[in-house]
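Engineer: This is data_10.txt, which holds compact mmCIF, C-alpha atoms and all ligand atoms:
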# COMPACT_ATOMS: atom_id res chain seq x y z
CA MET H 1 -4.21 95.03 -14.97
CA SER H 2 -4.86 98.64 -15.98
CA THR H 3 -4.47 101.59 -13.69
CA ARG H 4 -7.30 104.08 -13.40
CA PRO H 5 -6.36 107.08 -15.56
CA ILE H 6 -5.85 110.23 -13.58
CA GLN H 7 -6.87 113.57 -15.03
CA LEU H 8 -3.65 115.44 -15.60
CA ARG H 9 -2.75 118.50 -17.60
CA LYS H 10 0.28 118.11 -19.84
CA HIS H 11 2.34 120.33 -17.58
CA ASP H 12 1.33 118.29 -14.52
CA LEU H 13 2.34 115.07 -16.26
CA ALA H 14 5.74 116.64 -17.06
CA VAL H 15 6.15 117.57 -13.39
CA VAL H 16 5.36 113.99 -12.36
CA LEU H 17 7.75 112.50 -14.95
CA GLN H 18 10.49 114.89 -13.88
CA LYS H 19 10.49 113.09 -10.53
CA ILE H 20 11.73 109.96 -12.32
CA GLY H 21 15.50 110.32 -12.30
CA PRO H 22 17.80 110.03 -15.31
CA HIS H 23 19.99 107.02 -16.08
CA PRO H 24 22.04 106.52 -12.91
CA ARG H 25 25.38 105.74 -14.62
CA PRO H 26 24.95 106.64 -18.30
CA LYS H 27 26.81 104.26 -20.58
CA VAL H 28 28.02 105.95 -23.73
CA ASP H 29 27.86 102.82 -25.88
CA LEU H 30 24.15 102.36 -25.04
CA GLU H 31 23.39 106.02 -25.88
CA GLN H 32 21.51 106.52 -22.66
CA TYR H 33 19.85 109.91 -22.94
CA THR H 34 16.85 110.25 -20.66
CA THR H 35 13.90 111.82 -22.49
CA PRO H 36 13.28 115.33 -21.10
CA ALA H 37 10.12 115.23 -18.99
CA ASP H 38 8.33 117.93 -21.01
CA LEU H 39 9.07 116.13 -24.27
CA ALA H 40 7.91 112.80 -22.82
CA ALA H 41 4.66 114.49 -21.70
CA GLU H 42 4.17 116.00 -25.14
CA ILE H 43 4.60 112.64 -26.88
CA LEU H 44 2.29 110.91 -24.41
CA PHE H 45 -0.41 113.57 -24.71
CA SER H 46 -0.30 113.49 -28.47
CA ALA H 47 -0.51 109.67 -28.46
CA CYS H 48 -3.28 109.65 -25.88
CA TYR H 49 -5.54 112.55 -26.79
CA LEU H 50 -4.88 113.28 -30.48
CA HIS H 51 -4.56 109.69 -31.68
CA ASP H 52 -6.23 107.54 -29.02
CA ASP H 53 -3.21 105.24 -28.86
CA ILE H 54 -2.84 104.93 -25.06
CA GLN H 55 -6.05 104.52 -23.08
CA SER H 56 -7.05 100.85 -22.78
CA LYS H 57 -4.23 99.91 -25.15
CA ARG H 58 -1.32 97.47 -24.71
CA VAL H 59 1.84 99.56 -24.81
CA LEU H 60 5.49 98.58 -25.22
CA ASP H 61 8.38 100.94 -24.36
CA LEU H 62 11.57 99.77 -26.08
CA GLY H 63 14.77 100.92 -24.34
CA THR H 64 12.71 102.15 -21.43
CA GLY H 65 15.68 103.38 -19.36
CA THR H 66 14.30 104.73 -16.09
CA GLY H 67 10.78 104.32 -17.43
CA ARG H 68 9.45 107.83 -18.12
CA LEU H 69 7.48 106.89 -21.25
CA ALA H 70 6.25 103.57 -19.83
CA ILE H 71 5.14 105.00 -16.49
CA GLY H 72 3.53 108.00 -18.21
CA ALA H 73 1.53 105.66 -20.47
CA SER H 74 0.32 103.75 -17.43
CA LEU H 75 -0.72 106.95 -15.63
CA LEU H 76 -2.72 108.00 -18.70
CA GLY H 77 -4.69 104.75 -18.65
CA ALA H 78 -2.94 102.14 -20.79
CA ALA H 79 -4.36 98.64 -20.29
CA TYR H 80 -0.96 97.04 -19.97
CA VAL H 81 2.57 98.40 -20.27
CA VAL H 82 5.87 96.58 -20.71
CA GLY H 83 9.21 98.40 -20.63
CA VAL H 84 12.37 96.68 -21.87
CA ASP H 85 16.01 97.65 -21.38
CA VAL H 86 19.42 95.98 -21.23
CA ASP H 87 20.57 98.14 -18.33
CA ALA H 88 19.76 96.68 -14.92
CA ALA H 89 20.74 99.83 -12.99
CA SER H 90 18.25 101.94 -14.95
CA LEU H 91 15.50 99.37 -14.53
CA LYS H 92 16.06 99.42 -10.78
CA LEU H 93 15.26 103.15 -10.76
CA ALA H 94 12.30 102.52 -13.07
CA SER H 95 10.89 99.94 -10.66
CA ALA H 96 11.24 102.29 -7.70
CA ALA H 97 9.48 105.07 -9.65
CA ARG H 98 6.70 102.69 -10.69
CA LYS H 99 6.08 101.92 -7.05
CA SER H 100 6.11 105.50 -5.80
CA LEU H 101 3.88 106.70 -8.65
CA ARG H 102 1.60 103.68 -8.38
CA ALA H 103 1.94 102.88 -12.05
CA CYS H 104 1.33 99.45 -13.47
CA VAL H 105 4.26 98.47 -15.71
CA ASP H 106 6.20 95.24 -16.19
CA PHE H 107 9.90 95.97 -16.62
CA VAL H 108 11.89 93.34 -18.50
CA LEU H 109 15.69 93.12 -18.53
CA GLY H 110 16.91 92.15 -21.99
CA ASP H 111 17.65 93.19 -25.54
CA VAL H 112 14.74 94.70 -27.48
CA GLU H 113 15.23 91.73 -29.78
CA VAL H 114 13.66 89.35 -27.23
CA ILE H 115 10.32 91.12 -27.07
CA ARG H 116 7.48 90.26 -29.43
CA GLY H 117 4.06 91.88 -29.52
CA PRO H 118 1.38 92.02 -30.38
CA VAL H 119 0.63 95.38 -28.81
CA GLU H 120 -1.33 98.30 -30.13
CA THR H 121 1.30 100.95 -29.39
CA VAL H 122 5.09 101.09 -29.17
CA LEU H 123 6.80 104.12 -27.61
CA MET H 124 10.54 104.57 -27.81
CA ASN H 125 13.46 106.92 -27.62
CA PRO H 126 16.00 104.64 -29.27
CA PRO H 127 19.78 105.04 -29.49
CA PHE H 128 20.41 107.39 -32.42
CA GLY H 129 22.94 104.98 -33.91
CA THR H 130 25.86 107.30 -33.19
CA LYS H 131 27.83 104.69 -31.26
CA LYS H 132 26.51 101.48 -32.78
CA VAL H 133 25.76 101.84 -36.45
CA HIS H 134 22.05 101.38 -37.24
CA ALA H 135 21.06 100.82 -33.59
CA ASP H 136 18.08 103.07 -34.40
CA LEU H 137 17.04 100.80 -37.28
CA HIS H 138 17.39 97.71 -35.08
CA PHE H 139 14.92 99.30 -32.65
CA LEU H 140 12.60 100.28 -35.50
CA ASP H 141 12.62 96.71 -36.85
CA CYS H 142 11.66 95.35 -33.43
CA ALA H 143 9.01 98.03 -32.91
CA LEU H 144 7.37 97.64 -36.31
CA ARG H 145 6.97 93.89 -35.94
CA SER H 146 5.51 94.28 -32.44
CA GLY H 147 2.98 97.12 -32.66
CA ASN H 148 0.35 98.68 -34.91
CA VAL H 149 1.55 102.20 -34.16
CA VAL H 150 5.06 103.33 -33.25
CA TYR H 151 6.12 106.64 -31.68
CA SER H 152 9.82 107.23 -32.00
CA ILE H 153 12.49 109.92 -31.65
CA HIS H 154 15.21 110.35 -34.28
CA LYS H 155 17.88 112.83 -35.21
CA SER H 156 16.41 115.28 -37.73
CA SER H 157 19.55 114.79 -39.82
CA THR H 158 18.30 111.27 -40.63
CA ARG H 159 14.83 112.49 -41.70
CA ARG H 160 15.29 112.00 -45.43
CA PHE H 161 16.93 108.60 -45.07
CA LEU H 162 14.28 107.37 -42.62
CA LYS H 163 11.41 108.54 -44.81
CA GLY H 164 12.75 106.34 -47.63
CA TRP H 165 13.60 103.44 -45.31
CA LEU H 166 10.03 103.40 -43.95
CA ARG H 167 8.37 103.96 -47.33
CA ASN H 168 10.29 101.02 -48.83
CA ARG H 169 8.92 98.78 -46.09
CA GLY H 170 5.32 99.97 -46.50
CA PHE H 171 5.08 102.35 -43.56
CA HIS H 172 3.70 105.86 -43.29
CA ARG H 173 5.48 108.46 -41.18
CA GLU H 174 3.81 111.46 -39.61
CA GLN H 175 5.73 114.20 -37.85
CA ILE H 176 4.48 114.87 -34.31
CA THR H 177 7.00 117.55 -33.44
CA ALA H 178 10.53 118.74 -34.18
CA THR H 179 12.60 120.23 -31.40
CA GLU H 180 16.07 120.40 -29.87
CA ILE H 181 17.34 118.37 -26.93
CA GLN H 182 20.55 118.54 -24.95
CA ILE H 183 22.60 115.36 -24.87
CA PRO H 184 26.04 114.59 -23.45
CA HIS H 185 28.90 114.93 -25.92
CA GLN H 186 30.11 111.69 -27.45
CA HIS H 187 33.79 112.61 -27.50
CA SER H 188 35.99 113.56 -24.58
CA PHE H 189 37.74 116.30 -26.59
CA HIS H 190 34.61 118.44 -26.63
CA ARG H 191 34.87 121.23 -24.11
CA LYS H 192 31.20 121.68 -23.26
CA PRO H 193 29.63 118.67 -21.51
CA LYS H 194 26.43 118.85 -23.59
CA GLN H 195 25.45 119.45 -27.17
CA SER H 196 22.20 120.49 -28.74
CA VAL H 197 20.68 117.99 -31.15
CA GLU H 198 17.72 118.56 -33.45
CA ILE H 199 15.26 115.71 -33.24
CA ASP H 200 12.00 114.59 -34.86
CA VAL H 201 9.23 112.82 -32.99
CA ILE H 202 7.37 110.65 -35.46
CA ARG H 203 4.30 108.41 -35.51
CA ILE H 204 4.56 105.40 -37.79
CA THR H 205 1.71 103.30 -39.14
CA ARG H 206 1.39 100.80 -41.93
CA SER H 207 0.52 102.41 -45.28
CA PHE H 208 -2.63 101.27 -47.02
CA THR H 209 -0.97 101.75 -50.38
CA THR H 210 2.74 101.19 -50.73
N1 LIG K 301 13.28 105.54 -23.02
C1 LIG K 301 14.18 106.11 -22.02
C2 LIG K 301 15.64 106.01 -22.37
C3 LIG K 301 16.06 106.36 -23.78
S1 LIG K 301 17.83 106.18 -24.02
C4 LIG K 301 13.70 107.51 -21.74
O1 LIG K 301 12.72 107.89 -22.34
O2 LIG K 301 14.27 108.21 -20.91
C5 LIG K 301 17.93 104.61 -24.91
C6 LIG K 301 17.77 103.40 -24.01
O3 LIG K 301 17.92 102.24 -24.80
C7 LIG K 301 18.79 103.30 -22.89
O4 LIG K 301 18.15 103.16 -21.65
C8 LIG K 301 19.62 102.03 -23.22
O5 LIG K 301 20.05 101.33 -22.08
C9 LIG K 301 18.62 101.24 -24.03
N2 LIG K 301 19.20 100.30 -24.98
C10 LIG K 301 20.22 100.51 -25.85
N3 LIG K 301 20.41 99.41 -26.61
C11 LIG K 301 19.49 98.48 -26.21
C12 LIG K 301 19.15 97.18 -26.65
N4 LIG K 301 19.80 96.58 -27.65
N5 LIG K 301 18.12 96.54 -26.03
C13 LIG K 301 17.45 97.13 -25.02
N6 LIG K 301 17.71 98.37 -24.57
C14 LIG K 301 18.72 99.06 -25.17
Would you write out, as structure tokens, the structure that this file holds?
Ligand code: SAH
Structural biologist:
Amino acid sequence: MSTRPIQLRKHDLAVVLQKIGPHPRPKVDLEQYTTPADLAAEILFSACYLHDDIQSKRVLDLGTGTGRLAIGASLLGAAYVVGVDVDAASLKLASAARKSLRACVDFVLGDVEVIRGPVETVLMNPPFGTKKVHADLHFLDCALRSGNVVYSIHKSSTRRFLKGWLRNRGFHREQITATEIQIPHQHSFHRKPKQSVEIDVIRITRSFTT
């Protein structure tokens, strides 16, 4: 069942998404970094209004966490949204937010591995692969076999590698934005609790010529 899209400005959507809390007890090994609300709104607006990848589309959010991308997609008029995550505590918050924001999303507890499309659009802010080697590529594999279009966030330092990885598999990568986000430090010996990380938001489609 689709929700009726509400007319929101990007800033208003960010304000709404900000009300959805971050991961309640972030687990370092799962690389649980909640997408900043303004960045989530930017990705959703680009997907919705520049590329027509949200309204009336089936959308999958891999590693949905507390559901910002999934709920945002529903509020912008997706036909059907599924959010998947292995962390039950985060999904509990996501379900509460879905209810209070009257979004229409099915949240599924499980590994991204268990989900198969087909959907038109996959949204994700995957683990960067800092803790579990190639966790980002595992997410990409699952996303690319499930959807026609994938929006994903990656460390800019992997840009060159990812371009080749995608090209070799017959996919085209388009840069939506490049920015910096603050994430918790991965090592206890760091003095500051957060570090700034440069990230790319990309849109991936199948290439016509490989
Ligand atoms: N999409 C959310 C959270 C991004 S953080 C947001 O926009 O805020 C990455 C998420 O991936 C975390 O919630 C983590 O629990 C989840 N995750 C990590 N490995 C996973 C796996 N193998 N299967 C499903 N979810 C996973």
Engineer: Just how far from atom CA of H:Asp29 is atom CA of H:Val81, in Å to one decimal?
Structural biologist: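 Taking atom CA of H:Val81 as the start and atom CA of H:Asp29 as the end point, the length is 26.3 Å.
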Engineer: Return the single residue from H:Pro36, H:Pro193, H:Gly170, H:Gly65 that is closest to H:Pro127, with distances computed using only C-alpha atoms.
Structural biologist: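 Using only C-alpha atoms, the shortest distance to H:Pro127 belongs to H:Gly65.
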Engineer: For atom CA of H:Ala14 and atom CA of H:Val149, quote the distance in Å rounded to one decimal.
Structural biologist: 22.8 Å
Engineer: Smallest atom-to-atom distance to ligand LIG 301 (chain K): which of H:Lys19, H:His138, H:Arg58, H:Lys99, using only C-alpha atoms and all ligand atoms?
Structural biologist: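 Looking only at the distances to ligand LIG 301 (chain K), the closest residue turns out to be H:His138.
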Engineer: Using atom CA of H:Asp53 and atom CA of H:Arg116 as the two end points, give the distance in Å to one decimal.
Structural biologist: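 Interatomic distance here is 18.4 Å.
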Engineer: Can you work out which one of H:Leu50, H:Met124, H:Val15, H:Ala73 has the shortest atom-to-atom distance to ligand LIG 301 (chain K), counting only C-alpha atoms and all ligand atoms?
Structural biologist: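 Residue with the minimum atom-to-atom distance to ligand LIG 301 (chain K): H:Met124.
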Engineer: If the limit is 9 Å from any atom of ligand LIG 301 (chain K), counting all atoms listed in the file, which residues qualify? Return them as a count of residues only.
Structural biologist: 50
Engineer: List the spatial neighbours of H:Cys48 as a ChimeraX atom specification - criterion: any atom at most 10 Å away, only C-alpha atoms, same-chain residues fewer than 5 positions off excluded.
Structural biologist: /H:42-43,53-55,57,73,76-78
Engineer: So, counting all atoms listed in the file, which residue among H:Glu180, H:Phe208, H:Val16, H:Lys155 is closest to H:Arg102?
Structural biologist: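 Looking only at the distances to H:Arg102, the closest residue turns out to be H:Val16.
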Engineer: Nearest to H:Arg203 among H:Gly147, H:Pro24, H:Pro184, H:Pro118, with distances taken over only C-alpha atoms: which residue is it?
Structural biologist: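 Checking each of H:Gly147, H:Pro24, H:Pro184, H:Pro118 against H:Arg203, counting only C-alpha atoms, the winner is H:Gly147.
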Engineer: Give the answer as one residue: which of H:Val108, H:Val197, H:Ala89, H:Ile115 has the shortest atom-to-atom distance to H:Thr158, using only C-alpha atoms?
Structural biologist: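 Closest candidate: H:Val197.
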Engineer: Which polymer residues have any atom within 12 Å of an atom of H:Phe171, counting all atoms listed in the file, with same-chain residues fewer than 5 positions away left out, as a list in words?
Structural biologist: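 Final neighbour list, sorted by chain and number: Leu140, Asp141, Leu144, Arg145, Asn148, Val149, Val150, Leu162, Lys163, Gly164, Trp165, Leu166, Ile202, Arg203, Ile204, Thr205, Arg206, Ser207, Phe208, Thr209 and Thr210 of chain H.
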Engineer: With all heavy atoms retained, output stretch 12-24 of chain H as a PDB file, in the first residue's frame.
Structural biologist:
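So part_6.pdb came out as:
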ATOM      1  N   ASP H  12      12.326  20.795   5.039  1.00  0.00           N
ATOM      2  CA  ASP H  12      11.258  20.255   5.900  1.00  0.00           C
ATOM      3  C   ASP H  12      11.418  18.746   6.068  1.00  0.00           C
ATOM      4  O   ASP H  12      11.173  18.201   7.145  1.00  0.00           O
ATOM      5  CB  ASP H  12       9.876  20.557   5.309  1.00  0.00           C
ATOM      6  CG  ASP H  12       9.622  22.053   5.241  1.00  0.00           C
ATOM      7  OD1 ASP H  12      10.188  22.773   6.083  1.00  0.00           O
ATOM      8  OD2 ASP H  12       8.886  22.492   4.340  1.00  0.00           O
ATOM      9  N   LEU H  13      11.794  18.076   4.963  1.00  0.00           N
ATOM     10  CA  LEU H  13      12.002  16.626   5.064  1.00  0.00           C
ATOM     11  C   LEU H  13      13.145  16.339   6.041  1.00  0.00           C
ATOM     12  O   LEU H  13      13.045  15.426   6.875  1.00  0.00           O
ATOM     13  CB  LEU H  13      12.316  16.021   3.689  1.00  0.00           C
ATOM     14  CG  LEU H  13      12.569  14.505   3.688  1.00  0.00           C
ATOM     15  CD1 LEU H  13      11.343  13.734   4.165  1.00  0.00           C
ATOM     16  CD2 LEU H  13      12.983  14.017   2.303  1.00  0.00           C
ATOM     17  N   ALA H  14      14.209  17.137   5.975  1.00  0.00           N
ATOM     18  CA  ALA H  14      15.335  16.945   6.905  1.00  0.00           C
ATOM     19  C   ALA H  14      14.877  17.129   8.354  1.00  0.00           C
ATOM     20  O   ALA H  14      15.274  16.366   9.242  1.00  0.00           O
ATOM     21  CB  ALA H  14      16.463  17.917   6.567  1.00  0.00           C
ATOM     22  N   VAL H  15      14.012  18.099   8.569  1.00  0.00           N
ATOM     23  CA  VAL H  15      13.509  18.341   9.933  1.00  0.00           C
ATOM     24  C   VAL H  15      12.698  17.127  10.411  1.00  0.00           C
ATOM     25  O   VAL H  15      12.832  16.684  11.557  1.00  0.00           O
ATOM     26  CB  VAL H  15      12.664  19.642   9.982  1.00  0.00           C
ATOM     27  CG1 VAL H  15      11.934  19.770  11.314  1.00  0.00           C
ATOM     28  CG2 VAL H  15      13.564  20.856   9.740  1.00  0.00           C
ATOM     29  N   VAL H  16      11.884  16.584   9.517  1.00  0.00           N
ATOM     30  CA  VAL H  16      11.091  15.397   9.876  1.00  0.00           C
ATOM     31  C   VAL H  16      12.017  14.208  10.176  1.00  0.00           C
ATOM     32  O   VAL H  16      11.862  13.507  11.180  1.00  0.00           O
ATOM     33  CB  VAL H  16      10.113  15.037   8.726  1.00  0.00           C
ATOM     34  CG1 VAL H  16       9.468  13.673   8.976  1.00  0.00           C
ATOM     35  CG2 VAL H  16       9.042  16.101   8.583  1.00  0.00           C
ATOM     36  N   LEU H  17      13.018  13.992   9.318  1.00  0.00           N
ATOM     37  CA  LEU H  17      13.906  12.830   9.481  1.00  0.00           C
ATOM     38  C   LEU H  17      14.787  12.962  10.730  1.00  0.00           C
ATOM     39  O   LEU H  17      15.183  11.968  11.325  1.00  0.00           O
ATOM     40  CB  LEU H  17      14.779  12.635   8.230  1.00  0.00           C
ATOM     41  CG  LEU H  17      14.012  12.317   6.943  1.00  0.00           C
ATOM     42  CD1 LEU H  17      14.983  12.157   5.777  1.00  0.00           C
ATOM     43  CD2 LEU H  17      13.163  11.060   7.092  1.00  0.00           C
ATOM     44  N   GLN H  18      15.045  14.200  11.103  1.00  0.00           N
ATOM     45  CA  GLN H  18      15.843  14.446  12.310  1.00  0.00           C
ATOM     46  C   GLN H  18      15.127  13.921  13.558  1.00  0.00           C
ATOM     47  O   GLN H  18      15.754  13.570  14.556  1.00  0.00           O
ATOM     48  CB  GLN H  18      16.108  15.956  12.427  1.00  0.00           C
ATOM     49  CG  GLN H  18      17.015  16.363  13.561  1.00  0.00           C
ATOM     50  CD  GLN H  18      18.460  15.889  13.356  1.00  0.00           C
ATOM     51  OE1 GLN H  18      18.980  15.967  12.251  1.00  0.00           O
ATOM     52  NE2 GLN H  18      19.074  15.383  14.405  1.00  0.00           N
ATOM     53  N   LYS H  19      13.802  13.843  13.461  1.00  0.00           N
ATOM     54  CA  LYS H  19      13.029  13.348  14.617  1.00  0.00           C
ATOM     55  C   LYS H  19      13.238  11.846  14.823  1.00  0.00           C
ATOM     56  O   LYS H  19      12.892  11.305  15.866  1.00  0.00           O
ATOM     57  CB  LYS H  19      11.537  13.606  14.397  1.00  0.00           C
ATOM     58  CG  LYS H  19      11.210  15.085  14.422  1.00  0.00           C
ATOM     59  CD  LYS H  19       9.728  15.308  14.251  1.00  0.00           C
ATOM     60  CE  LYS H  19       9.450  16.790  14.237  1.00  0.00           C
ATOM     61  NZ  LYS H  19       8.274  17.146  13.462  1.00  0.00           N
ATOM     62  N   ILE H  20      13.718  11.167  13.780  1.00  0.00           N
ATOM     63  CA  ILE H  20      13.990   9.732  13.913  1.00  0.00           C
ATOM     64  C   ILE H  20      15.366   9.599  14.569  1.00  0.00           C
ATOM     65  O   ILE H  20      16.369  10.063  14.017  1.00  0.00           O
ATOM     66  CB  ILE H  20      13.992   9.038  12.533  1.00  0.00           C
ATOM     67  CG1 ILE H  20      12.667   9.296  11.813  1.00  0.00           C
ATOM     68  CG2 ILE H  20      14.269   7.551  12.696  1.00  0.00           C
ATOM     69  CD1 ILE H  20      12.632   8.785  10.384  1.00  0.00           C
ATOM     70  N   GLY H  21      15.387   8.987  15.728  1.00  0.00           N
ATOM     71  CA  GLY H  21      16.628   8.949  16.508  1.00  0.00           C
ATOM     72  C   GLY H  21      17.724   8.142  15.841  1.00  0.00           C
ATOM     73  O   GLY H  21      17.477   7.387  14.897  1.00  0.00           O
ATOM     74  N   PRO H  22      18.944   8.278  16.350  1.00  0.00           N
ATOM     75  CA  PRO H  22      20.062   7.465  15.845  1.00  0.00           C
ATOM     76  C   PRO H  22      20.009   6.056  16.420  1.00  0.00           C
ATOM     77  O   PRO H  22      19.141   5.747  17.235  1.00  0.00           O
ATOM     78  CB  PRO H  22      21.286   8.218  16.370  1.00  0.00           C
ATOM     79  CG  PRO H  22      20.809   8.878  17.619  1.00  0.00           C
ATOM     80  CD  PRO H  22      19.345   9.193  17.414  1.00  0.00           C
ATOM     81  N   HIS H  23      20.934   5.210  15.991  1.00  0.00           N
ATOM     82  CA  HIS H  23      21.026   3.853  16.531  1.00  0.00           C
ATOM     83  C   HIS H  23      21.080   3.933  18.063  1.00  0.00           C
ATOM     84  O   HIS H  23      21.911   4.666  18.604  1.00  0.00           O
ATOM     85  CB  HIS H  23      22.287   3.156  16.024  1.00  0.00           C
ATOM     86  CG  HIS H  23      22.262   2.863  14.557  1.00  0.00           C
ATOM     87  ND1 HIS H  23      22.548   3.811  13.604  1.00  0.00           N
ATOM     88  CD2 HIS H  23      21.971   1.733  13.881  1.00  0.00           C
ATOM     89  CE1 HIS H  23      22.445   3.275  12.406  1.00  0.00           C
ATOM     90  NE2 HIS H  23      22.091   2.018  12.538  1.00  0.00           N
ATOM     91  N   PRO H  24      20.236   3.185  18.747  1.00  0.00           N
ATOM     92  CA  PRO H  24      20.154   3.327  20.200  1.00  0.00           C
ATOM     93  C   PRO H  24      21.422   2.887  20.933  1.00  0.00           C
ATOM     94  O   PRO H  24      21.844   3.533  21.877  1.00  0.00           O
ATOM     95  CB  PRO H  24      18.954   2.455  20.583  1.00  0.00           C
ATOM     96  CG  PRO H  24      18.691   1.571  19.418  1.00  0.00           C
ATOM     97  CD  PRO H  24      19.251   2.239  18.203  1.00  0.00           C
TER      98      PRO H  24
END
